[in-house]
$ cat my_file07.pdb   # PDB, C-alpha atoms and all ligand atoms
MODEL        1
ATOM      1  CA  MET A1131     -39.781 -16.545   4.390
ATOM      2  CA  ARG A1132     -38.012 -19.325   2.474
ATOM      3  CA  SER A1133     -36.927 -16.951  -0.294
ATOM      4  CA  THR A1134     -35.637 -14.439   2.302
ATOM      5  CA  LEU A1135     -33.523 -17.181   3.907
ATOM      6  CA  LEU A1136     -32.162 -18.227   0.498
ATOM      7  CA  LEU A1137     -31.313 -14.613  -0.339
ATOM      8  CA  PHE A1138     -29.502 -14.259   2.984
ATOM      9  CA  LYS A1139     -27.502 -17.464   2.305
ATOM     10  CA  VAL A1140     -26.561 -16.294  -1.207
ATOM     11  CA  ASN A1141     -25.393 -12.927   0.214
ATOM     12  CA  GLN A1142     -23.366 -14.767   2.854
ATOM     13  CA  TRP A1143     -21.651 -17.012   0.249
ATOM     14  CA  ALA A1144     -20.955 -13.984  -1.942
ATOM     15  CA  GLY A1145     -19.382 -12.257   1.070
ATOM     16  CA  HIS A1146     -17.102 -15.251   1.823
ATOM     17  CA  PHE A1147     -16.065 -15.588  -1.828
ATOM     18  CA  PHE A1148     -15.312 -11.877  -2.039
ATOM     19  CA  TYR A1149     -13.245 -12.000   1.167
ATOM     20  CA  TRP A1150     -11.103 -14.924  -0.012
ATOM     21  CA  HIS A1151     -10.705 -13.440  -3.461
ATOM     22  CA  ARG A1152      -9.215 -10.328  -1.826
ATOM     23  CA  ARG A1153      -6.962 -12.335   0.533
ATOM     24  CA  SER A1154      -5.650 -14.428  -2.379
ATOM     25  CA  ARG A1155      -4.212 -11.221  -3.891
ATOM     26  CA  LEU A1156      -1.702 -11.229  -1.004
ATOM     27  CA  LEU A1157      -0.214 -14.510  -2.235
ATOM     28  CA  LEU A1158      -0.554 -14.434  -6.017
ATOM     29  CA  PRO A1159       1.804 -12.149  -7.942
ATOM     30  CA  GLY A1160       0.132  -9.397  -9.949
ATOM     31  CA  SER A1161       1.246  -6.204 -11.641
ATOM     32  CA  CYS A1162       0.667  -2.491 -11.213
ATOM     33  CA  LEU A1163      -2.255  -1.501 -13.449
ATOM     34  CA  ILE A1164      -0.573   1.788 -14.340
ATOM     35  CA  CYS A1165       3.154   1.045 -14.879
ATOM     36  CA  MET A1166       2.774  -2.769 -15.329
ATOM     37  CA  GLN A1167       5.634  -3.450 -12.872
ATOM     38  CA  PRO A1168       5.233  -6.910 -11.229
ATOM     39  CA  LEU A1169       4.213  -6.771  -7.568
ATOM     40  CA  VAL A1170       2.725  -8.815  -4.739
ATOM     41  CA  GLY A1171       0.103  -7.222  -2.546
ATOM     42  CA  GLU A1172      -3.562  -6.732  -1.998
ATOM     43  CA  ARG A1173      -3.737  -3.929  -4.567
ATOM     44  CA  ASP A1174      -2.642  -3.819  -8.215
ATOM     45  CA  LEU A1175      -0.948  -0.452  -7.684
ATOM     46  CA  CYS A1176       2.737   0.165  -6.858
ATOM     47  CA  LEU A1177       3.742   2.770  -4.273
ATOM     48  CA  THR A1178       5.301   5.094  -6.898
ATOM     49  CA  CYS A1179       2.090   5.180  -8.980
ATOM     50  CA  ALA A1180      -0.063   5.507  -5.851
ATOM     51  CA  LYS A1181       1.834   8.711  -4.981
ATOM     52  CA  GLN A1182       1.232  10.079  -8.489
ATOM     53  CA  LEU A1183      -2.558   9.655  -8.516
ATOM     54  CA  PRO A1184      -4.179  13.078  -9.030
ATOM     55  CA  ALA A1185      -5.824  13.850  -5.672
ATOM     56  CA  ASN A1186      -8.755  16.289  -5.613
ATOM     57  CA  THR A1187      -7.329  18.031  -2.558
ATOM     58  CA  HIS A1188      -8.430  21.648  -3.004
ATOM     59  CA  CYS A1189     -12.098  21.457  -3.852
ATOM     60  CA  CYS A1190     -15.537  22.848  -3.041
ATOM     61  CA  GLN A1191     -16.779  21.222   0.163
ATOM     62  CA  LEU A1192     -20.239  20.768  -1.359
ATOM     63  CA  CYS A1193     -19.847  19.756  -5.012
ATOM     64  CA  ALA A1194     -16.106  18.786  -5.133
ATOM     65  CA  ASN A1195     -15.310  21.263  -7.950
ATOM     66  CA  THR A1196     -11.577  21.992  -7.963
ATOM     67  CA  LEU A1197     -10.713  25.344  -6.366
ATOM     68  CA  PRO A1198      -7.460  27.326  -6.079
ATOM     69  CA  ALA A1199      -5.595  26.374  -2.876
ATOM     70  CA  GLU A1200      -6.109  29.841  -1.335
ATOM     71  CA  HIS A1201      -9.880  30.023  -2.116
ATOM     72  CA  GLN A1202     -11.845  30.945   1.035
ATOM     73  CA  PRO A1203     -14.431  29.890   2.066
ATOM     74  CA  PRO A1204     -13.977  26.538   0.278
ATOM     75  CA  ILE A1205     -17.304  26.780  -1.598
ATOM     76  CA  CYS A1206     -17.447  27.353  -5.380
ATOM     77  CA  HIS A1207     -19.505  30.117  -7.023
ATOM     78  CA  HIS A1208     -21.985  27.582  -8.510
ATOM     79  CA  CYS A1209     -22.871  26.353  -5.001
ATOM     80  CA  PHE A1210     -23.181  29.933  -3.705
ATOM     81  CA  LYS A1211     -25.521  30.855  -6.560
ATOM     82  CA  ALA A1212     -27.694  27.719  -6.690
ATOM     83  CA  PRO A1213     -26.811  24.860  -4.305
ATOM     84  CA  ALA A1214     -27.556  21.371  -5.630
ATOM     85  CA  ALA A1215     -30.089  19.015  -4.004
ATOM     86  CA  PHE A1216     -27.330  16.739  -2.670
ATOM     87  CA  ASP A1217     -25.531  17.675   0.569
ATOM     88  CA  GLN A1218     -21.937  16.808  -0.283
ATOM     89  CA  VAL A1219     -19.854  15.066  -2.937
ATOM     90  CA  LEU A1220     -16.944  12.823  -1.901
ATOM     91  CA  ALA A1221     -14.635  12.767  -4.928
ATOM     92  CA  PRO A1222     -11.093  11.940  -3.798
ATOM     93  CA  TRP A1223      -9.517  11.784  -7.290
ATOM     94  CA  LEU A1224      -9.477  13.849 -10.463
ATOM     95  CA  TYR A1225     -10.417  12.305 -13.808
ATOM     96  CA  LYS A1226      -6.932  12.939 -15.204
ATOM     97  CA  LYS A1227      -3.930  10.782 -16.209
ATOM     98  CA  PRO A1228      -3.274   8.113 -14.958
ATOM     99  CA  PHE A1229      -6.534   7.798 -12.990
ATOM    100  CA  ASN A1230      -8.762   8.151 -16.077
ATOM    101  CA  LYS A1231      -7.036   5.042 -17.518
ATOM    102  CA  LEU A1232      -8.234   2.976 -14.534
ATOM    103  CA  VAL A1233     -11.814   4.200 -14.893
ATOM    104  CA  TRP A1234     -11.772   3.645 -18.655
ATOM    105  CA  GLU A1235     -10.360   0.094 -18.280
ATOM    106  CA  PHE A1236     -13.093  -0.800 -15.801
ATOM    107  CA  LYS A1237     -16.023   0.932 -17.468
ATOM    108  CA  TYR A1238     -15.390   0.174 -21.139
ATOM    109  CA  ASN A1239     -12.982  -2.811 -21.182
ATOM    110  CA  GLN A1240     -14.601  -4.716 -18.297
ATOM    111  CA  ASN A1241     -11.198  -4.977 -16.581
ATOM    112  CA  LEU A1242     -12.265  -6.203 -13.141
ATOM    113  CA  ALA A1243      -8.762  -5.768 -11.665
ATOM    114  CA  ALA A1244      -9.223  -2.024 -12.312
ATOM    115  CA  GLY A1245     -12.696  -2.331 -10.756
ATOM    116  CA  TYR A1246     -11.287  -3.862  -7.547
ATOM    117  CA  LEU A1247      -8.646  -1.123  -7.340
ATOM    118  CA  LEU A1248     -11.309   1.608  -7.741
ATOM    119  CA  LEU A1249     -13.356  -0.177  -5.093
ATOM    120  CA  ASP A1250     -10.429  -0.073  -2.630
ATOM    121  CA  LEU A1251      -9.864   3.625  -3.315
ATOM    122  CA  LEU A1252     -13.575   4.375  -2.790
ATOM    123  CA  PHE A1253     -13.496   2.425   0.478
ATOM    124  CA  ASP A1254     -10.460   4.469   1.612
ATOM    125  CA  ALA A1255     -12.448   7.683   0.973
ATOM    126  CA  LEU A1256     -15.411   6.308   2.910
ATOM    127  CA  LYS A1257     -13.242   5.264   5.887
ATOM    128  CA  ASN A1258     -12.049   8.880   6.204
ATOM    129  CA  ASN A1259     -15.633  10.136   6.345
ATOM    130  CA  PRO A1260     -17.165   9.926   9.847
ATOM    131  CA  LYS A1261     -20.829  10.210   8.705
ATOM    132  CA  HIS A1262     -23.370   7.415   9.195
ATOM    133  CA  TYR A1263     -25.416   6.163   6.222
ATOM    134  CA  ASP A1264     -28.539   3.981   6.298
ATOM    135  CA  TYR A1265     -28.437   2.950   2.625
ATOM    136  CA  LEU A1266     -26.064   2.872  -0.290
ATOM    137  CA  LEU A1267     -27.761   3.607  -3.635
ATOM    138  CA  VAL A1268     -26.579   4.067  -7.209
ATOM    139  CA  ILE A1269     -27.556   6.510  -9.922
ATOM    140  CA  PRO A1270     -29.359   4.064 -12.238
ATOM    141  CA  GLY A1271     -27.847   3.728 -15.719
ATOM    142  CA  GLN A1272     -29.548   4.024 -19.087
ATOM    143  CA  LYS A1273     -30.967   0.709 -20.367
ATOM    144  CA  LYS A1274     -29.368   0.985 -23.813
ATOM    145  CA  ARG A1275     -25.886   1.617 -22.390
ATOM    146  CA  ILE A1276     -26.137  -1.251 -19.878
ATOM    147  CA  GLN A1277     -27.113  -3.569 -22.750
ATOM    148  CA  GLN A1278     -24.170  -2.343 -24.856
ATOM    149  CA  ARG A1279     -21.590  -2.694 -22.049
ATOM    150  CA  GLY A1280     -23.052  -5.840 -20.497
ATOM    151  CA  TYR A1281     -23.074  -4.423 -16.960
ATOM    152  CA  HIS A1282     -23.564  -1.288 -14.904
ATOM    153  CA  ALA A1283     -20.209  -0.234 -13.421
ATOM    154  CA  PRO A1284     -21.635   1.756 -10.433
ATOM    155  CA  SER A1285     -23.853  -1.200  -9.380
ATOM    156  CA  TRP A1286     -20.864  -3.568  -9.564
ATOM    157  CA  LEU A1287     -18.936  -1.191  -7.260
ATOM    158  CA  ALA A1288     -21.894  -0.585  -4.921
ATOM    159  CA  LYS A1289     -22.559  -4.318  -4.301
ATOM    160  CA  ARG A1290     -18.949  -4.798  -3.197
ATOM    161  CA  LEU A1291     -18.634  -1.512  -1.321
ATOM    162  CA  ALA A1292     -21.702  -2.589   0.677
ATOM    163  CA  LEU A1293     -19.884  -5.808   1.705
ATOM    164  CA  LEU A1294     -16.758  -3.905   2.730
ATOM    165  CA  SER A1295     -18.451  -1.010   4.533
ATOM    166  CA  GLY A1296     -21.512  -2.733   6.000
ATOM    167  CA  ILE A1297     -23.839  -0.061   4.508
ATOM    168  CA  PRO A1298     -26.762  -1.987   2.932
ATOM    169  CA  PHE A1299     -27.079  -1.592  -0.850
ATOM    170  CA  TYR A1300     -30.688  -0.720  -1.655
ATOM    171  CA  LYS A1301     -30.946  -1.324  -5.389
ATOM    172  CA  LYS A1302     -34.561  -0.251  -5.770
ATOM    173  CA  GLY A1303     -34.196   2.931  -3.705
ATOM    174  CA  LEU A1304     -33.889   4.905  -6.902
ATOM    175  CA  ILE A1305     -35.078   3.877 -10.360
ATOM    176  CA  ARG A1306     -34.748   5.479 -13.778
ATOM    177  CA  ILE A1307     -38.075   6.291 -15.378
ATOM    178  CA  LYS A1308     -36.742   8.146 -18.410
ATOM    179  CA  ASP A1309     -33.686   7.742 -20.622
ATOM    180  CA  ILE A1310     -32.058  11.033 -21.568
ATOM    181  CA  THR A1311     -30.017  12.236 -24.544
ATOM    182  CA  SER A1312     -26.240  12.010 -24.073
ATOM    183  CA  GLN A1313     -24.696  14.769 -21.950
ATOM    184  CA  GLN A1314     -21.665  14.829 -24.250
ATOM    185  CA  GLY A1315     -21.459  17.887 -26.473
ATOM    186  CA  LEU A1316     -24.048  19.855 -24.454
ATOM    187  CA  ASP A1317     -23.184  23.195 -22.844
ATOM    188  CA  ARG A1318     -23.307  23.521 -19.033
ATOM    189  CA  LYS A1319     -26.820  25.009 -18.973
ATOM    190  CA  SER A1320     -28.305  22.224 -21.150
ATOM    191  CA  ARG A1321     -26.429  19.548 -19.156
ATOM    192  CA  LEU A1322     -27.928  20.804 -15.909
ATOM    193  CA  ILE A1323     -31.550  20.445 -17.063
ATOM    194  CA  ASN A1324     -31.132  17.380 -19.301
ATOM    195  CA  PRO A1325     -31.635  14.710 -16.527
ATOM    196  CA  GLN A1326     -34.716  16.453 -15.056
ATOM    197  CA  GLY A1327     -37.509  13.959 -14.339
ATOM    198  CA  ALA A1328     -35.296  10.938 -15.083
ATOM    199  CA  PHE A1329     -35.480   9.394 -11.581
ATOM    200  CA  GLN A1330     -38.087   8.150  -9.139
ATOM    201  CA  ALA A1331     -37.355   7.300  -5.484
ATOM    202  CA  SER A1332     -38.884   4.694  -3.186
ATOM    203  CA  LYS A1333     -40.842   5.874  -0.127
ATOM    204  CA  VAL A1334     -38.563   3.621   1.990
ATOM    205  CA  VAL A1335     -35.897   6.363   1.876
ATOM    206  CA  ALA A1336     -37.994   8.720   4.055
ATOM    207  CA  GLY A1337     -35.988   9.895   7.078
ATOM    208  CA  LYS A1338     -32.861   7.996   5.932
ATOM    209  CA  HIS A1339     -29.294   9.193   5.459
ATOM    210  CA  LEU A1340     -28.242   8.066   1.988
ATOM    211  CA  LEU A1341     -25.001   7.595   0.104
ATOM    212  CA  LEU A1342     -25.384   7.723  -3.662
ATOM    213  CA  LEU A1343     -22.623   6.102  -5.742
ATOM    214  CA  ASP A1344     -21.537   6.898  -9.293
ATOM    215  CA  ASP A1345     -18.240   6.296 -11.106
ATOM    216  CA  VAL A1346     -17.428   9.805 -12.389
ATOM    217  CA  ILE A1347     -19.077  13.174 -11.753
ATOM    218  CA  THR A1348     -18.798  16.110 -14.160
ATOM    219  CA  THR A1349     -21.424  18.851 -13.728
ATOM    220  CA  GLY A1350     -23.254  16.859 -11.030
ATOM    221  CA  ALA A1351     -26.552  17.284 -12.915
ATOM    222  CA  SER A1352     -27.599  13.607 -12.668
ATOM    223  CA  ALA A1353     -26.621  13.529  -8.974
ATOM    224  CA  HIS A1354     -28.671  16.703  -8.401
ATOM    225  CA  TRP A1355     -31.865  15.329  -9.989
ATOM    226  CA  ALA A1356     -31.376  11.948  -8.295
ATOM    227  CA  ALA A1357     -30.940  13.649  -4.889
ATOM    228  CA  LYS A1358     -33.953  15.858  -5.597
ATOM    229  CA  ALA A1359     -36.138  12.774  -6.248
ATOM    230  CA  LEU A1360     -34.865  11.178  -3.005
ATOM    231  CA  LYS A1361     -35.499  14.321  -0.946
ATOM    232  CA  GLN A1362     -38.999  14.665  -2.419
ATOM    233  CA  LYS A1363     -39.661  11.250  -0.805
ATOM    234  CA  GLY A1364     -38.330  12.567   2.519
ATOM    235  CA  ALA A1365     -34.652  11.480   2.551
ATOM    236  CA  ALA A1366     -32.925  13.155   5.523
ATOM    237  CA  SER A1367     -29.636  13.646   3.676
ATOM    238  CA  VAL A1368     -28.019  12.596   0.394
ATOM    239  CA  ASP A1369     -24.250  12.497  -0.027
ATOM    240  CA  VAL A1370     -22.630  11.394  -3.273
ATOM    241  CA  ILE A1371     -19.482   9.271  -3.586
ATOM    242  CA  VAL A1372     -17.626   8.976  -6.886
ATOM    243  CA  ALA A1373     -14.253   7.581  -7.917
ATOM    244  CA  ALA A1374     -13.327  10.728  -9.834
ATOM    245  CA  LYS A1375     -14.276  14.317 -10.559
ATOM    246  CA  ALA A1376     -13.987  15.349 -14.191
ATOM    247  CA  ALA A1377     -13.414  18.961 -15.222
ATOM    248  CA  ILE A1378     -16.543  20.712 -16.543
TER
HETATM  249 ZN    ZN B   1       3.093   1.422 -10.852
HETATM  250 ZN    ZN B   2     -19.470  23.751  -5.331
ENDMDL
END

$ encode --input "my_file07.pdb" --output "structure tokens" --more "lines below"
Ligand SMILES: [Zn+2]
Ligand SMILES: [Zn+2]
Amino acid sequence: MRSTLLLFKVNQWAGHFFYWHRRSRLLLPGSCLICMQPLVGERDLCLTCAKQLPANTHCCQLCANTLPAEHQPPICHHCFKAPAAFDQVLAPWLYKKPFNKLVWEFKYNQNLAAGYLLLDLLFDALKNNPKHYDYLLVIPGQKKRIQQRGYHAPSWLAKRLALLSGIPFYKKGLIRIKDITSQQGLDRKSRLINPQGAFQASKVVAGKHLLLLDDVITTGASAHWAAKALKQKGAASVDVIVAAKAAI
């Protein structure tokens, strides 16, 4: 009981700190993270660069694969042939210049200003989505990589997105039980089966509508096996939200 109260207090303080940190950006001058032009505002992104971000406008309604503008129905051939275990991917941006620079800065250079900007853009995507979610989860990272980088970028985003959106972050909803070999350099077929058996879900997810967060999605193989583990424990639905969709 005492530890629950303490945890609640810590969460409350974190929420206040986060709120004031964001408000302070309205007063302190910053600069656009893409063109470096000085600016004052809540976001480190100028209007010109915001307009040039590569939006993933014409995409598959299930997996967010880019499609030609005239493609009807808006479902890609991969999803027609073998739909993934997740229900839908929300991927508002493409992993292309200059957006990939933001992701790289956050993920590999620990640039938290880039992290806060990605967080705002993810929150924008979530605000435009009318669905209700019971829990926010992350695709758990590989131990070795978290040790190398010092933190897990999707968890950093999820903790803060939970504070902004009010969707509770359930860290232990999905755990990694197996590290896998790197997906880089593998062909599509090998990438799709590589993460099989890597995840285990908690029984608490039964009957719940879940939102699974990751930073970038490529083939969607990890998201598929993660969603499969969650649905095996009875999850009612699993949507995926990512900052960017990379080309396969
Ligand atoms: Zn700019
Ligand atoms: Zn698709």

$ residues_around --input "my_file07.pdb" --residues "Leu1192 in chain A" --least-positions-apart "2" --cutoff "6 Å" --atoms "only C-alpha atoms" --output "list in words"
Cys1190, Ala1194, Gln1218 and Val1219 of chain A

$ atom_distance --input "my_file07.pdb" --atom1 "CA of Asp1344 in chain A" --atom2 "CA of Pro1284 in chain A"
5.3 Å

$ atom_distance --input "my_file07.pdb" --atom1 "CA of Tyr1281 in chain A" --atom2 "CA of Phe1253 in chain A"
21.0 Å

$ residues_near_point --input "my_file07.pdb" --point "(-23.9, 4.9, -9.5)" --cutoff "12 Å" --atoms "only C-alpha atoms" --output "PyMOL selection string"
chain A and resi 1237+1266-1272+1281-1289+1291+1299-1301+1303-1306+1341-1347+1352-1353+1356+1370-1373

$ resolve_selection --input "my_file07.pdb" --expression "the PyMOL selection byres (((not hetatm)) within 6 of (chain B and resi 1))" --output "PyMOL selection string"
chain A and resi 1162+1164-1165+1167+1175-1176+1178-1179

$ residues_near_ligand --input "my_file07.pdb" --ligand "ligand ZN 2 (chain B)" --cutoff "7 Å" --atoms "only C-alpha atoms and all ligand atoms" --output "list in words"
Cys1190, Gln1191, Leu1192, Cys1193, Ala1194, Asn1195, Ile1205, Cys1206, His1207, His1208 and Cys1209 of chain A

$ closest_residue --input "my_file07.pdb" --among "A:Val1334, A:Ala1376, A:His1201, A:Phe1216" --to "Trp1355 in chain A" --atoms "all atoms listed in the file"
A:Phe1216

$ atom_distance --input "my_file07.pdb" --atom1 "CA of Tyr1225 in chain A" --atom2 "CA of Val1368 in chain A"
22.6 Å

$ resolve_selection --input "my_file07.pdb" --expression "the PyMOL selection byres (((chain A and resi 1230) around 10) and not hetatm)" --output "ChimeraX atom specification"
/A:1183-1184,1223-1229,1231-1236,1346,1373-1376

$ residues_around --input "my_file07.pdb" --residues "Leu1340 in chain A" --least-positions-apart "5" --cutoff "8 Å" --atoms "all atoms listed in the file" --output "list in words"
Tyr1263, Asp1264, Tyr1265, Leu1266, Leu1267, Val1335, Ala1365, Ala1366, Ser1367, Val1368 and Asp1369 of chain A
